Amino acid sequence: MLRYIYGHDLHNHPELARSMFRDRADQFRTRLGWEVTVDDQGHERDQYDELDPLYVIWQNHDGSHGGSMRFLPTTGRVMVNEIFGHLTGGAPVVSPLIWECTRFCLSRGAESKVAAALMLAGGEIMTNFGVRHFVGAFDARMVRIYRAIGSSPEILGSEGEGRSRISVGLWEFTPEARTRVAARAGVSPELSRLWFDRAFGAVAPPEMALTA
Amino acid sequence: MGKLNLDQILKDLDATSALEGLQDIIVALRDAFNVDHMVYHWVDSSGDQYGCGTYSPEWVELYTARNYLRVDPVIQGCYQRFHPVDWKRLDWSSKPAWEIFALAMEYGIGNQGYSIPIRGPNGQFALFTASHNCDDDAWAEFTEAYNRDLILIAHYFNRKALEFEPGRQSEQSRALSPREVDAMTLIAMGYSRAQVAESLSISQNTLRVYIESARFKLGALNTTHAVARALSRGLIVV
């Protein structure tokens, strides 16, 4: 199932959090060879994990991490402005309607539907929170993964060549893209909505809650 | 609701030179959106508070005296978050929450609310809220139509309030990037979005991000007003 968890609530899901940070180490250091920091517990964390981001996590049936991504609004500190600012046109991208999506991660052996399910969650965030765009930095390999799940980012700027080519791009979710991604995820819109409501509360009138 | 009117209010907000001026602005915003109440509340990392809004002094006094800040589901549900919150999504089932809701109804706060949490610099936290008395369908229609405007306004309001904090420097860059200047200039010259995108050799989606970002830096709600502001501030020349 899809979980939406703020950083300050991760301690309520210790096994899920541990396996997410371990899978991030496995993906970004071991498989992609990025120069990321891995602590003595084998967890990959960076300075943006300290900023209380919103994580979207696919939780496997056994409770462990299957895939995840991390969101921060561009009104605060974000990677695209602090690290890749030179790729976005020379001034920071700043808007409460533009969120940064980073550390898109899939666990080793994750089913292909997991990536699509994460994209579906991105669509829920846009629809329910008024967000218009997601921006993020990614490398050449991720471009193929995004294409495979039918949600290719639009490139704003790139540097480097071949496998180490890094790009800053943006995603947008049209209703058509949403239907396509939902089909690939094998998750009905109703189920996706249920998971979202489980995290953020259902839109039930307070009066009903009061009479319960 | 008149959009023109809103743009004038945002210009007035920009021109406000004292903290006290924010009260007039929030009253004008409440009237423009035609809702029962709007409030803005800020707490910084040292615990200092500031608020303005249209709640009655009696309600504010009661709320403060009973220290509802500690148990209010709106505060609990927004603090440390950055997503907008419809009050319906909050958990009102506890006894203190039920008490607050019942009293809030009595004091005319409204049965509906939409709160936008804002994470400012250095641990500053602010909340901007619109509340109203209406049925669920009417409220859903309202938030669907104006959620993005409210989110932008909440941040403009907070950005202004931060200016009045002694010794604080604006952390957000409001300078337009060369690409943003190009995009706004071509739009000001009457080019269509498709023409602007083609002239700059970028996709229309990319153009939308430049415009979105420029709009926020300029403190405007739509592209027309953003262009007008860029022109009047001499940021672009046509």
# chains A, B, ... in the order shown; residues from 1 in each chain; ligands from 1
$ interface_residues --of "chain B" --to "chain A" --cutoff "8 Å" --atoms "only C-alpha atoms" --output "VMD selection string"
chain B and resid 80 to 84 86 to 93 98 111 119 to 121 136 147 to 148 151 to 152 155 172 to 173 175 to 180 203 205 to 206 209 to 210 212 to 213 216 to 217
$ write_last_selection --atoms "N, CA and C atoms" --output "compact mmCIF listing (two decimals), in the first residue's frame"
# COMPACT_ATOMS: atom_id res chain seq x y z
N GLN B 80 4.06 21.66 11.57
CA GLN B 80 5.09 20.81 10.97
C GLN B 80 4.69 20.23 9.61
N ARG B 81 3.57 20.67 9.06
CA ARG B 81 3.18 20.20 7.73
C ARG B 81 3.40 21.33 6.71
N PHE B 82 3.27 20.99 5.44
CA PHE B 82 3.26 22.06 4.44
C PHE B 82 2.18 21.86 3.41
N HIS B 83 1.23 20.97 3.67
CA HIS B 83 0.12 20.81 2.73
C HIS B 83 -1.12 21.51 3.29
N PRO B 84 -1.95 22.10 2.41
CA PRO B 84 -3.17 22.76 2.87
C PRO B 84 -4.15 21.74 3.45
N ASP B 86 -8.08 20.90 4.66
CA ASP B 86 -9.51 21.15 4.82
C ASP B 86 -9.88 20.64 6.21
N TRP B 87 -10.60 21.46 6.97
CA TRP B 87 -10.91 21.07 8.35
C TRP B 87 -11.64 19.74 8.44
N LYS B 88 -12.35 19.41 7.36
CA LYS B 88 -13.09 18.13 7.37
C LYS B 88 -12.16 16.93 7.50
N ARG B 89 -10.92 17.10 7.06
CA ARG B 89 -9.98 15.99 7.11
C ARG B 89 -9.38 15.79 8.51
N LEU B 90 -9.64 16.71 9.41
CA LEU B 90 -9.02 16.64 10.73
C LEU B 90 -9.82 15.74 11.67
N ASP B 91 -9.18 15.31 12.71
CA ASP B 91 -9.82 14.43 13.68
C ASP B 91 -10.46 15.28 14.80
N TRP B 92 -11.79 15.36 14.74
CA TRP B 92 -12.52 16.17 15.72
C TRP B 92 -13.15 15.28 16.80
N SER B 93 -12.70 14.05 16.93
CA SER B 93 -13.42 13.09 17.77
C SER B 93 -13.08 13.20 19.26
N TRP B 98 -14.02 18.41 20.24
CA TRP B 98 -15.48 18.57 20.13
C TRP B 98 -15.91 19.87 20.78
N ASN B 111 -18.63 26.33 10.10
CA ASN B 111 -18.46 24.88 10.18
C ASN B 111 -17.43 24.37 9.17
N ARG B 119 5.87 27.14 6.23
CA ARG B 119 7.15 27.00 6.90
C ARG B 119 8.02 28.16 6.46
N GLY B 120 8.25 29.07 7.39
CA GLY B 120 9.11 30.20 7.07
C GLY B 120 10.55 29.87 7.41
N PRO B 121 11.43 30.88 7.30
CA PRO B 121 12.84 30.66 7.63
C PRO B 121 13.06 30.48 9.13
N ASP B 136 -21.41 21.26 2.65
CA ASP B 136 -20.17 20.66 2.14
C ASP B 136 -19.96 20.90 0.65
N ASN B 147 -8.37 27.29 -4.16
CA ASN B 147 -7.30 26.78 -3.29
C ASN B 147 -5.92 27.35 -3.66
N ARG B 148 -5.63 27.42 -4.96
CA ARG B 148 -4.30 27.91 -5.35
C ARG B 148 -4.14 29.41 -5.07
N ILE B 151 -3.47 29.65 -1.39
CA ILE B 151 -2.11 29.22 -1.05
C ILE B 151 -1.12 30.34 -1.36
N LEU B 152 -1.26 30.92 -2.54
CA LEU B 152 -0.35 32.02 -2.93
C LEU B 152 -0.51 33.21 -1.97
N HIS B 155 1.12 32.78 1.37
CA HIS B 155 2.58 32.97 1.34
C HIS B 155 2.96 34.43 1.14
N GLN B 172 14.25 34.68 0.70
CA GLN B 172 13.84 34.23 -0.61
C GLN B 172 14.26 35.23 -1.67
N SER B 173 14.90 34.71 -2.67
CA SER B 173 15.27 35.56 -3.77
C SER B 173 14.03 35.92 -4.57
N ALA B 175 14.46 37.93 -7.23
CA ALA B 175 14.99 38.33 -8.54
C ALA B 175 14.49 37.36 -9.60
N LEU B 176 14.19 37.90 -10.77
CA LEU B 176 13.78 37.03 -11.88
C LEU B 176 15.03 36.52 -12.59
N SER B 177 14.97 35.26 -13.00
CA SER B 177 16.09 34.71 -13.76
C SER B 177 16.03 35.26 -15.19
N PRO B 178 17.15 35.21 -15.93
CA PRO B 178 17.14 35.69 -17.32
C PRO B 178 16.02 35.02 -18.14
N ARG B 179 15.82 33.73 -17.93
CA ARG B 179 14.76 33.02 -18.65
C ARG B 179 13.38 33.55 -18.28
N GLU B 180 13.21 33.82 -17.00
CA GLU B 180 11.91 34.35 -16.54
C GLU B 180 11.68 35.74 -17.13
N SER B 203 9.65 23.91 -24.01
CA SER B 203 8.29 23.38 -24.13
C SER B 203 7.33 24.29 -23.39
N ASN B 205 5.29 23.36 -21.13
CA ASN B 205 5.33 23.01 -19.71
C ASN B 205 6.45 23.73 -18.98
N THR B 206 7.62 23.75 -19.64
CA THR B 206 8.75 24.44 -19.04
C THR B 206 8.42 25.93 -18.88
N VAL B 209 6.45 26.61 -15.82
CA VAL B 209 7.21 26.67 -14.57
C VAL B 209 7.88 28.03 -14.40
N TYR B 210 8.45 28.55 -15.50
CA TYR B 210 9.06 29.88 -15.42
C TYR B 210 8.02 30.92 -15.01
N GLU B 212 5.14 30.37 -13.45
CA GLU B 212 4.68 30.10 -12.08
C GLU B 212 5.65 30.69 -11.06
N SER B 213 6.92 30.46 -11.29
CA SER B 213 7.95 30.93 -10.38
C SER B 213 8.03 32.46 -10.39
N PHE B 216 5.12 34.02 -8.49
CA PHE B 216 5.29 33.99 -7.04
C PHE B 216 6.26 35.08 -6.58
N LYS B 217 7.35 35.23 -7.30
CA LYS B 217 8.32 36.25 -6.92
C LYS B 217 7.71 37.65 -7.01
$ select_by_dssp --residues "region 25-181 of chain A" --states "helix (DSSP H, G or I)" --output "MDAnalysis selection string"
chainID A and resid 25:31 47:51 79:82 85:87 112:129 140:148 162:164 175:181
$ select_by_dssp --residues "region 66-141 of chain A" --states "strand (DSSP E or B)" --output "ChimeraX atom specification"
/A:66-73,98-106,133-139
$ write_last_selection --atoms "N, CA and C atoms" --output "PDB file, in the first residue's frame"
ATOM      1  N   GLY A  66       9.173  -0.803  -0.437  1.00  0.00           N
ATOM      2  CA  GLY A  66       9.251  -1.277  -1.816  1.00  0.00           C
ATOM      3  C   GLY A  66       9.708  -0.188  -2.771  1.00  0.00           C
ATOM      4  N   GLY A  67       9.476   1.049  -2.382  1.00  0.00           N
ATOM      5  CA  GLY A  67       9.874   2.183  -3.218  1.00  0.00           C
ATOM      6  C   GLY A  67       9.428   3.458  -2.541  1.00  0.00           C
ATOM      7  N   SER A  68      10.042   4.565  -2.908  1.00  0.00           N
ATOM      8  CA  SER A  68       9.697   5.808  -2.207  1.00  0.00           C
ATOM      9  C   SER A  68      10.183   7.028  -2.973  1.00  0.00           C
ATOM     10  N   MET A  69       9.707   8.165  -2.540  1.00  0.00           N
ATOM     11  CA  MET A  69      10.211   9.446  -3.017  1.00  0.00           C
ATOM     12  C   MET A  69       9.959  10.485  -1.930  1.00  0.00           C
ATOM     13  N   ARG A  70      10.553  11.652  -2.108  1.00  0.00           N
ATOM     14  CA  ARG A  70      10.588  12.641  -1.036  1.00  0.00           C
ATOM     15  C   ARG A  70      10.183  14.005  -1.587  1.00  0.00           C
ATOM     16  N   PHE A  71       9.315  14.687  -0.866  1.00  0.00           N
ATOM     17  CA  PHE A  71       8.821  15.990  -1.339  1.00  0.00           C
ATOM     18  C   PHE A  71       9.143  17.118  -0.370  1.00  0.00           C
ATOM     19  N   LEU A  72       9.527  18.260  -0.933  1.00  0.00           N
ATOM     20  CA  LEU A  72       9.672  19.509  -0.172  1.00  0.00           C
ATOM     21  C   LEU A  72       9.172  20.650  -1.064  1.00  0.00           C
ATOM     22  N   PRO A  73       8.501  21.640  -0.479  1.00  0.00           N
ATOM     23  CA  PRO A  73       8.067  22.772  -1.305  1.00  0.00           C
ATOM     24  C   PRO A  73       9.267  23.645  -1.689  1.00  0.00           C
ATOM     25  N   ILE A  98       4.890  24.664  -6.577  1.00  0.00           N
ATOM     26  CA  ILE A  98       5.892  23.790  -7.185  1.00  0.00           C
ATOM     27  C   ILE A  98       6.643  23.081  -6.060  1.00  0.00           C
ATOM     28  N   TRP A  99       6.536  21.775  -6.009  1.00  0.00           N
ATOM     29  CA  TRP A  99       7.253  20.999  -4.988  1.00  0.00           C
ATOM     30  C   TRP A  99       8.399  20.247  -5.648  1.00  0.00           C
ATOM     31  N   GLU A 100       9.453  20.055  -4.871  1.00  0.00           N
ATOM     32  CA  GLU A 100      10.555  19.250  -5.364  1.00  0.00           C
ATOM     33  C   GLU A 100      10.339  17.789  -4.991  1.00  0.00           C
ATOM     34  N   CYS A 101      10.618  16.919  -5.955  1.00  0.00           N
ATOM     35  CA  CYS A 101      10.559  15.475  -5.722  1.00  0.00           C
ATOM     36  C   CYS A 101      11.959  14.920  -5.908  1.00  0.00           C
ATOM     37  N   THR A 102      12.509  14.296  -4.863  1.00  0.00           N
ATOM     38  CA  THR A 102      13.861  13.736  -4.956  1.00  0.00           C
ATOM     39  C   THR A 102      13.914  12.336  -4.371  1.00  0.00           C
ATOM     40  N   ARG A 103      15.094  11.689  -4.527  1.00  0.00           N
ATOM     41  CA  ARG A 103      15.349  10.355  -3.974  1.00  0.00           C
ATOM     42  C   ARG A 103      14.278   9.348  -4.370  1.00  0.00           C
ATOM     43  N   PHE A 104      13.900   9.413  -5.654  1.00  0.00           N
ATOM     44  CA  PHE A 104      12.980   8.407  -6.183  1.00  0.00           C
ATOM     45  C   PHE A 104      13.720   7.079  -6.167  1.00  0.00           C
ATOM     46  N   CYS A 105      13.230   6.160  -5.383  1.00  0.00           N
ATOM     47  CA  CYS A 105      13.989   4.934  -5.110  1.00  0.00           C
ATOM     48  C   CYS A 105      13.093   3.710  -5.235  1.00  0.00           C
ATOM     49  N   LEU A 106      13.629   2.655  -5.829  1.00  0.00           N
ATOM     50  CA  LEU A 106      12.911   1.383  -5.894  1.00  0.00           C
ATOM     51  C   LEU A 106      13.787   0.321  -5.250  1.00  0.00           C
ATOM     52  N   HIS A 133       3.226  21.719 -10.232  1.00  0.00           N
ATOM     53  CA  HIS A 133       4.366  21.039 -10.847  1.00  0.00           C
ATOM     54  C   HIS A 133       5.228  20.375  -9.778  1.00  0.00           C
ATOM     55  N   PHE A 134       5.890  19.297 -10.175  1.00  0.00           N
ATOM     56  CA  PHE A 134       6.990  18.744  -9.384  1.00  0.00           C
ATOM     57  C   PHE A 134       8.271  18.981 -10.163  1.00  0.00           C
ATOM     58  N   VAL A 135       9.304  19.447  -9.478  1.00  0.00           N
ATOM     59  CA  VAL A 135      10.616  19.526 -10.125  1.00  0.00           C
ATOM     60  C   VAL A 135      11.553  18.575  -9.404  1.00  0.00           C
ATOM     61  N   GLY A 136      12.583  18.150 -10.102  1.00  0.00           N
ATOM     62  CA  GLY A 136      13.537  17.260  -9.452  1.00  0.00           C
ATOM     63  C   GLY A 136      14.750  17.037 -10.327  1.00  0.00           C
ATOM     64  N   ALA A 137      15.826  16.574  -9.691  1.00  0.00           N
ATOM     65  CA  ALA A 137      17.033  16.222 -10.426  1.00  0.00           C
ATOM     66  C   ALA A 137      17.084  14.706 -10.549  1.00  0.00           C
ATOM     67  N   PHE A 138      17.563  14.222 -11.689  1.00  0.00           N
ATOM     68  CA  PHE A 138      17.645  12.770 -11.889  1.00  0.00           C
ATOM     69  C   PHE A 138      18.738  12.482 -12.901  1.00  0.00           C
ATOM     70  N   ASP A 139      19.188  11.237 -12.938  1.00  0.00           N
ATOM     71  CA  ASP A 139      20.233  10.904 -13.895  1.00  0.00           C
ATOM     72  C   ASP A 139      19.664  10.107 -15.067  1.00  0.00           C
TER      73      ASP A 139
END
$ atom_distance --atom1 "CA of Ser158 (chain A)" --atom2 "CA of Ile83 (chain A)"
12.8 Å
$ atom_distance --atom1 "CA of Asp182 (chain B)" --atom2 "CA of Tyr146 (chain B)"
28.7 Å
$ residues_around --residues "Glu44 (chain A)" --least-positions-apart "2" --cutoff "12 Å" --atoms "only C-alpha atoms" --output "number ranges by chain"
A: 17-30, 34-42, 46-49, 103, 105
$ closest_residue --among "A:Glu50, A:Ser151, A:Tyr55, A:Arg163" --to "Ile5 (chain A)" --atoms "only C-alpha atoms"
A:Tyr55
$ closest_residue --among "B:Pro73, B:Gly219, B:Gly21, B:Gly108" --to "Tyr156 (chain B)" --atoms "only C-alpha atoms"
B:Gly219
$ residues_around --residues "Gln59 (chain A)" --least-positions-apart "6" --cutoff "8 Å" --atoms "only C-alpha atoms" --output "PyMOL selection string"
chain A and resi 1-3+16+65-67
$ write_last_selection --atoms "N, CA and C atoms" --output "PDB file, in the first residue's frame"
ATOM      1  N   MET A   1       0.828  -1.198   0.000  1.00  0.00           N
ATOM      2  CA  MET A   1       0.000   0.000   0.000  1.00  0.00           C
ATOM      3  C   MET A   1       0.868   1.255   0.000  1.00  0.00           C
ATOM      4  N   LEU A   2       0.254   2.364  -0.398  1.00  0.00           N
ATOM      5  CA  LEU A   2       0.976   3.642  -0.406  1.00  0.00           C
ATOM      6  C   LEU A   2       0.843   4.331   0.948  1.00  0.00           C
ATOM      7  N   ARG A   3       1.961   4.773   1.496  1.00  0.00           N
ATOM      8  CA  ARG A   3       1.944   5.532   2.740  1.00  0.00           C
ATOM      9  C   ARG A   3       2.460   6.933   2.453  1.00  0.00           C
ATOM     10  N   LEU A  16       9.797   0.295   8.439  1.00  0.00           N
ATOM     11  CA  LEU A  16       9.594   0.889   7.114  1.00  0.00           C
ATOM     12  C   LEU A  16      10.676   1.938   6.839  1.00  0.00           C
ATOM     13  N   HIS A  65       9.936  -1.649   2.902  1.00  0.00           N
ATOM     14  CA  HIS A  65       9.929  -0.615   1.868  1.00  0.00           C
ATOM     15  C   HIS A  65      10.031  -1.228   0.471  1.00  0.00           C
ATOM     16  N   GLY A  66       9.173  -0.803  -0.437  1.00  0.00           N
ATOM     17  CA  GLY A  66       9.251  -1.277  -1.816  1.00  0.00           C
ATOM     18  C   GLY A  66       9.708  -0.188  -2.771  1.00  0.00           C
ATOM     19  N   GLY A  67       9.476   1.049  -2.382  1.00  0.00           N
ATOM     20  CA  GLY A  67       9.874   2.183  -3.218  1.00  0.00           C
ATOM     21  C   GLY A  67       9.428   3.458  -2.541  1.00  0.00           C
TER      22      GLY A  67
END
$ residues_around --residues "region 182-185 of chain A" --least-positions-apart "4" --cutoff "12 Å" --atoms "only C-alpha atoms" --output "number ranges by chain"
A: 1-2, 58, 111-124, 148-151, 173, 175-178, 189-193
$ residues_around --residues "Arg165 (chain A)" --least-positions-apart "5" --cutoff "6 Å" --atoms "only C-alpha atoms" --output "list in words"
Asp139, Ala140, Glu159 and Gly160 of chain A
$ write_last_selection --atoms "N, CA and C atoms" --output "compact mmCIF listing (two decimals), in the first residue's frame"
# COMPACT_ATOMS: atom_id res chain seq x y z
N ASP A 139 19.19 11.24 -12.94
CA ASP A 139 20.23 10.90 -13.89
C ASP A 139 19.66 10.11 -15.07
N ALA A 140 20.57 9.78 -16.00
CA ALA A 140 20.14 9.20 -17.27
C ALA A 140 19.32 7.92 -17.09
N GLU A 159 23.41 18.49 -17.52
CA GLU A 159 24.87 18.59 -17.63
C GLU A 159 25.47 17.20 -17.57
N GLY A 160 26.67 17.04 -18.13
CA GLY A 160 27.33 15.75 -18.14
C GLY A 160 26.89 14.93 -19.34
$ closest_residue --among "A:Arg144, A:Val56, A:Leu51, A:His13" --to "Val78 (chain A)" --atoms "only C-alpha atoms"
A:Leu51
$ residues_around --residues "region 61-68 of chain B" --least-positions-apart "3" --cutoff "9 Å" --atoms "only C-alpha atoms" --output "PDB file with N, CA and C atoms, in the first residue's frame"
ATOM      1  N   SER B  56     -13.969  37.400  16.174  1.00  0.00           N
ATOM      2  CA  SER B  56     -14.369  38.402  17.164  1.00  0.00           C
ATOM      3  C   SER B  56     -13.371  38.418  18.325  1.00  0.00           C
ATOM      4  N   PRO B  57     -13.163  39.583  18.945  1.00  0.00           N
ATOM      5  CA  PRO B  57     -12.245  39.668  20.092  1.00  0.00           C
ATOM      6  C   PRO B  57     -12.653  38.692  21.204  1.00  0.00           C
ATOM      7  N   GLU B  58     -13.979  38.463  21.351  1.00  0.00           N
ATOM      8  CA  GLU B  58     -14.466  37.547  22.395  1.00  0.00           C
ATOM      9  C   GLU B  58     -13.946  36.125  22.154  1.00  0.00           C
ATOM     10  N   VAL B  71      -4.716  22.098  21.944  1.00  0.00           N
ATOM     11  CA  VAL B  71      -5.585  20.960  21.604  1.00  0.00           C
ATOM     12  C   VAL B  71      -6.392  21.168  20.320  1.00  0.00           C
ATOM     13  N   ASP B  72      -6.274  22.363  19.728  1.00  0.00           N
ATOM     14  CA  ASP B  72      -7.026  22.655  18.512  1.00  0.00           C
ATOM     15  C   ASP B  72      -6.581  21.716  17.380  1.00  0.00           C
ATOM     16  N   PRO B  96     -11.837  17.494  23.881  1.00  0.00           N
ATOM     17  CA  PRO B  96     -11.456  18.911  23.742  1.00  0.00           C
ATOM     18  C   PRO B  96     -11.718  19.454  22.327  1.00  0.00           C
ATOM     19  N   ALA B  97     -11.492  18.614  21.317  1.00  0.00           N
ATOM     20  CA  ALA B  97     -11.720  19.049  19.942  1.00  0.00           C
ATOM     21  C   ALA B  97     -13.210  19.314  19.721  1.00  0.00           C
ATOM     22  N   ILE B 100     -14.096  22.599  21.278  1.00  0.00           N
ATOM     23  CA  ILE B 100     -13.664  23.742  20.472  1.00  0.00           C
ATOM     24  C   ILE B 100     -14.606  23.954  19.301  1.00  0.00           C
TER      25      ILE B 100
END
